[in-house]
$ cat coords_4.txt   # compact mmCIF, C-alpha atoms
# COMPACT_ATOMS: atom_id res chain seq x y z
CA MET Y 1 147.87 113.02 126.81
CA THR Y 2 148.43 111.23 130.14
CA GLU Y 3 151.60 109.20 130.47
CA PRO Y 4 151.33 105.62 131.75
CA MET Y 5 152.51 104.85 135.30
CA GLY Y 6 156.27 104.57 135.57
CA HIS Y 7 156.92 107.02 132.72
CA GLY Y 8 157.43 110.40 134.34
CA VAL Y 9 154.76 110.05 137.03
CA LYS Y 10 156.18 110.35 140.55
CA GLN Y 11 155.18 107.19 142.39
CA ARG Y 12 156.97 107.78 145.74
CA ALA Y 13 153.85 109.19 147.44
CA LEU Y 14 151.77 106.29 146.12
CA ILE Y 15 154.01 103.54 147.51
CA THR Y 16 155.14 105.02 150.84
CA MET Y 17 153.89 103.05 153.83
CA THR Y 18 152.04 104.74 156.66
CA PRO Y 19 153.76 104.69 160.09
CA GLU Y 20 151.35 101.91 161.11
CA GLU Y 21 152.22 99.86 158.00
CA VAL Y 22 155.95 100.33 158.71
CA ASP Y 23 155.43 99.13 162.29
CA THR Y 24 153.43 96.10 161.16
CA PHE Y 25 156.02 95.24 158.50
CA LEU Y 26 158.94 95.48 160.95
CA HIS Y 27 157.13 93.29 163.48
CA GLU Y 28 156.80 90.47 160.94
CA ARG Y 29 159.43 87.73 161.25
CA ARG Y 30 162.21 88.35 158.71
CA PRO Y 31 165.93 89.13 158.59
CA MET Y 32 167.27 92.65 158.16
CA THR Y 33 170.44 93.81 156.42
CA LEU Y 34 172.67 95.95 158.67
CA ALA Y 35 175.20 98.19 156.90
CA THR Y 36 178.10 99.92 158.68
CA PHE Y 37 181.30 101.66 157.59
CA ASN Y 38 184.58 99.73 157.58
CA HIS Y 39 187.78 101.51 158.63
CA ASP Y 40 188.62 102.18 154.95
CA GLY Y 41 185.21 103.71 154.14
CA THR Y 42 183.81 100.66 152.37
CA ILE Y 43 180.45 99.25 153.40
CA HIS Y 44 180.09 96.17 155.60
CA ALA Y 45 176.60 94.69 155.05
CA VAL Y 46 175.33 91.61 156.87
CA GLY Y 47 171.98 89.87 157.23
CA MET Y 48 170.80 89.81 160.84
CA TRP Y 49 167.91 88.63 162.94
CA TYR Y 50 166.55 91.58 164.86
CA GLY Y 51 164.25 92.30 167.73
CA PHE Y 52 163.04 95.28 169.70
CA LEU Y 53 164.56 96.98 172.71
CA GLU Y 54 162.63 99.81 174.32
CA GLY Y 55 160.51 100.09 171.16
CA CYS Y 56 163.53 100.34 168.82
CA VAL Y 57 164.96 97.84 166.36
CA ALA Y 58 168.00 96.16 167.92
CA PHE Y 59 170.52 93.41 167.14
CA GLU Y 60 172.75 91.24 169.28
CA THR Y 61 176.23 90.39 168.07
CA LYS Y 62 179.62 89.30 169.32
CA ALA Y 63 181.41 92.18 171.02
CA LYS Y 64 184.37 91.74 168.66
CA ALA Y 65 182.33 91.30 165.46
CA GLN Y 66 183.23 93.62 162.58
CA LYS Y 67 179.87 95.42 162.74
CA ALA Y 68 180.33 96.14 166.48
CA LEU Y 69 183.88 97.40 165.91
CA ASN Y 70 182.70 99.56 163.01
CA LEU Y 71 179.88 101.09 165.08
CA ALA Y 72 182.21 101.79 168.01
CA ARG Y 73 184.35 103.83 165.59
CA ASP Y 74 181.46 105.41 163.63
CA PRO Y 75 177.90 104.89 164.95
CA ARG Y 76 176.18 105.63 161.61
CA LEU Y 77 174.24 102.75 160.08
CA THR Y 78 171.56 101.86 157.59
CA CYS Y 79 169.26 98.86 157.96
CA MET Y 80 166.88 97.39 155.42
CA ALA Y 81 164.18 94.74 155.59
CA GLU Y 82 162.44 93.75 152.38
CA ASP Y 83 159.95 91.31 150.94
CA GLY Y 84 158.59 90.26 147.55
CA ASP Y 85 159.75 88.20 144.61
CA TYR Y 86 158.25 90.23 141.76
CA TYR Y 87 158.24 93.98 141.09
CA GLU Y 88 154.54 94.42 141.83
CA GLU Y 89 155.03 92.68 145.24
CA LEU Y 90 158.16 94.51 146.43
CA ARG Y 91 157.95 96.22 149.78
CA GLY Y 92 160.50 97.24 152.33
CA VAL Y 93 161.71 99.59 155.01
CA GLU Y 94 165.05 101.36 155.28
CA LEU Y 95 166.12 102.79 158.64
CA VAL Y 96 168.92 105.36 158.68
CA GLY Y 97 170.45 106.49 161.94
CA THR Y 98 173.00 105.66 164.59
CA ALA Y 99 173.64 102.78 166.95
CA GLU Y 100 173.73 102.81 170.70
CA THR Y 101 175.91 99.98 172.00
CA VAL Y 102 174.17 98.43 174.98
CA THR Y 103 176.12 96.39 177.54
CA GLU Y 104 173.83 96.62 180.60
CA PRO Y 105 172.73 93.03 181.41
CA ASP Y 106 169.05 93.86 182.05
CA ARG Y 107 168.66 95.67 178.75
CA MET Y 108 170.55 92.94 176.88
CA TRP Y 109 168.29 90.33 178.51
CA GLU Y 110 165.19 92.19 177.30
CA LEU Y 111 166.42 91.94 173.71
CA GLY Y 112 167.57 88.34 174.15
CA VAL Y 113 164.10 87.20 175.21
CA ASN Y 114 162.49 89.28 172.46
CA LEU Y 115 164.75 87.71 169.80
CA TYR Y 116 164.10 84.22 171.12
CA GLU Y 117 160.34 84.72 170.95
CA ARG Y 118 160.43 86.32 167.47
CA TYR Y 119 162.44 83.53 165.86
CA TYR Y 120 161.92 80.42 168.02
CA GLY Y 121 158.65 80.68 169.97
CA ALA Y 122 157.42 81.32 173.50
CA TYR Y 123 160.06 81.86 176.18
CA SER Y 124 159.92 80.04 179.52
CA GLU Y 125 162.30 79.88 182.49
CA GLU Y 126 163.73 76.51 181.41
CA LEU Y 127 165.08 78.30 178.32
CA LYS Y 128 167.06 80.78 180.44
CA PRO Y 129 170.40 78.94 179.89
CA PHE Y 130 169.91 79.09 176.11
CA VAL Y 131 169.29 82.86 176.14
CA GLU Y 132 172.22 83.36 178.54
CA MET Y 133 174.47 81.45 176.14
CA MET Y 134 173.11 83.49 173.22
CA LEU Y 135 174.13 86.74 174.99
CA HIS Y 136 177.55 85.55 176.25
CA LYS Y 137 180.40 87.86 175.12
CA ARG Y 138 177.89 89.88 173.11
CA VAL Y 139 176.62 93.43 172.86
CA VAL Y 140 173.28 94.81 171.78
CA LEU Y 141 173.11 97.40 169.01
CA LYS Y 142 170.02 99.60 169.43
CA VAL Y 143 169.04 101.57 166.32
CA LYS Y 144 168.28 105.24 166.89
CA VAL Y 145 166.35 106.07 163.71
CA GLN Y 146 166.80 109.49 162.12
CA ARG Y 147 165.04 108.75 158.81
CA THR Y 148 162.69 106.02 157.60
CA VAL Y 149 162.13 105.23 153.93
CA SER Y 150 159.47 102.73 152.89
CA TRP Y 151 157.90 101.29 149.77
CA ASP Y 152 155.04 98.93 148.97
CA HIS Y 153 154.61 98.27 145.26
CA ARG Y 154 151.40 96.36 145.97
CA LYS Y 155 149.75 99.80 146.30
CA LEU Y 156 150.33 100.41 142.58
CA GLY Y 157 147.74 97.79 141.59
CA LEU Y 158 149.93 96.42 138.81
CA PRO Y 159 149.08 93.11 137.13
CA SER Y 160 151.03 90.10 138.36
CA THR Y 161 154.17 89.09 136.48
CA ARG Y 162 154.33 85.75 138.31
CA PRO Y 163 154.65 82.86 135.90
CA ALA Y 164 151.39 80.92 135.52
$ encode --input "coords_4.txt" --output "structure tokens"
Amino acid sequence: MTEPMGHGVKQRALITMTPEEVDTFLHERRPMTLATFNHDGTIHAVGMWYGFLEGCVAFETKAKAQKALNLARDPRLTCMAEDGDYYEELRGVELVGTAETVTEPDRMWELGVNLYERYYGAYSEELKPFVEMMLHKRVVLKVKVQRTVSWDHRKLGLPSTRPA
């Protein structure tokens, strides 16, 4: 007798995204949760807008923000972006790795423009003061991924549980 899906059948291989699907998902406009370790070992998790620096996920934050202080002490982090309101729609990507703190102005500028375009629209030279203000007294946290975990429950082909 065959057991129904979800009852003993391993579904991990069925719902894992391909590298291309992960890339497409991460390039969609959404926030990402960034988790770091506090000084006492507890987790500090915050929702962040993110962009890309040198092909890697990256964040900008105040230099004295808790997440920046945590990563200066312990560079390990986990990030997660997710989507879906119902089980059969859930999809997401978890990135586990370390952070590189970037303070070089040219590299910070690259992320600043990328963030502006991802969340606000096309960048032009008249917007330069806005991006400069956005990066003032800030650092960039570039994610160096060691492990990627992904899931896309839409691949299971389950019936919708959305209310009619």
$ closest_atom_pairs --input "coords_4.txt" --of "range 48-143 of chain Y" --to "range 18-29 of chain Y" --cutoff "8 Å" --atoms "all atoms listed in the file" --output "JSON lines"
{"residue": "Y:Ala81", "atom": "CA", "partner": "Y:Leu26", "partner_atom": "CA", "distance": 7.5}
{"residue": "Y:Gly92", "atom": "CA", "partner": "Y:Phe25", "partner_atom": "CA", "distance": 7.9}
{"residue": "Y:Val93", "atom": "CA", "partner": "Y:Val22", "partner_atom": "CA", "distance": 6.9}
{"residue": "Y:Arg118", "atom": "CA", "partner": "Y:Arg29", "partner_atom": "CA", "distance": 6.5}
{"residue": "Y:Tyr119", "atom": "CA", "partner": "Y:Arg29", "partner_atom": "CA", "distance": 6.9}
$ atom_distance --input "coords_4.txt" --atom1 "CA of Leu71 in chain Y" --atom2 "CA of Ala35 in chain Y"
9.9 Å
$ atom_distance --input "coords_4.txt" --atom1 "CA of Val46 in chain Y" --atom2 "CA of Cys79 in chain Y"
9.5 Å
$ closest_residue --input "coords_4.txt" --among "Y:Asn38, Y:Thr33, Y:Gln146, Y:Thr98" --to "Pro75 in chain Y" --atoms "all atoms listed in the file"
Y:Thr98
$ closest_atom_pairs --input "coords_4.txt" --of "range 58-87 of chain Y" --to "range 152-155 of chain Y" --cutoff "10 Å" --atoms "all atoms listed in the file" --output "JSON lines"
{"residue": "Y:Glu82", "atom": "CA", "partner": "Y:Asp152", "partner_atom": "CA", "distance": 9.7}
{"residue": "Y:Asp83", "atom": "CA", "partner": "Y:Asp152", "partner_atom": "CA", "distance": 9.3}
{"residue": "Y:Gly84", "atom": "CA", "partner": "Y:His153", "partner_atom": "CA", "distance": 9.2}
{"residue": "Y:Tyr86", "atom": "CA", "partner": "Y:His153", "partner_atom": "CA", "distance": 9.5}
{"residue": "Y:Tyr87", "atom": "CA", "partner": "Y:His153", "partner_atom": "CA", "distance": 7.0}
$ closest_residue --input "coords_4.txt" --among "Y:Val113, Y:Ala13, Y:Leu69, Y:Leu141" --to "Pro129 in chain Y" --atoms "only C-alpha atoms"
Y:Val113
$ atom_distance --input "coords_4.txt" --atom1 "CA of Lys128 in chain Y" --atom2 "CA of Ala72 in chain Y"
28.7 Å
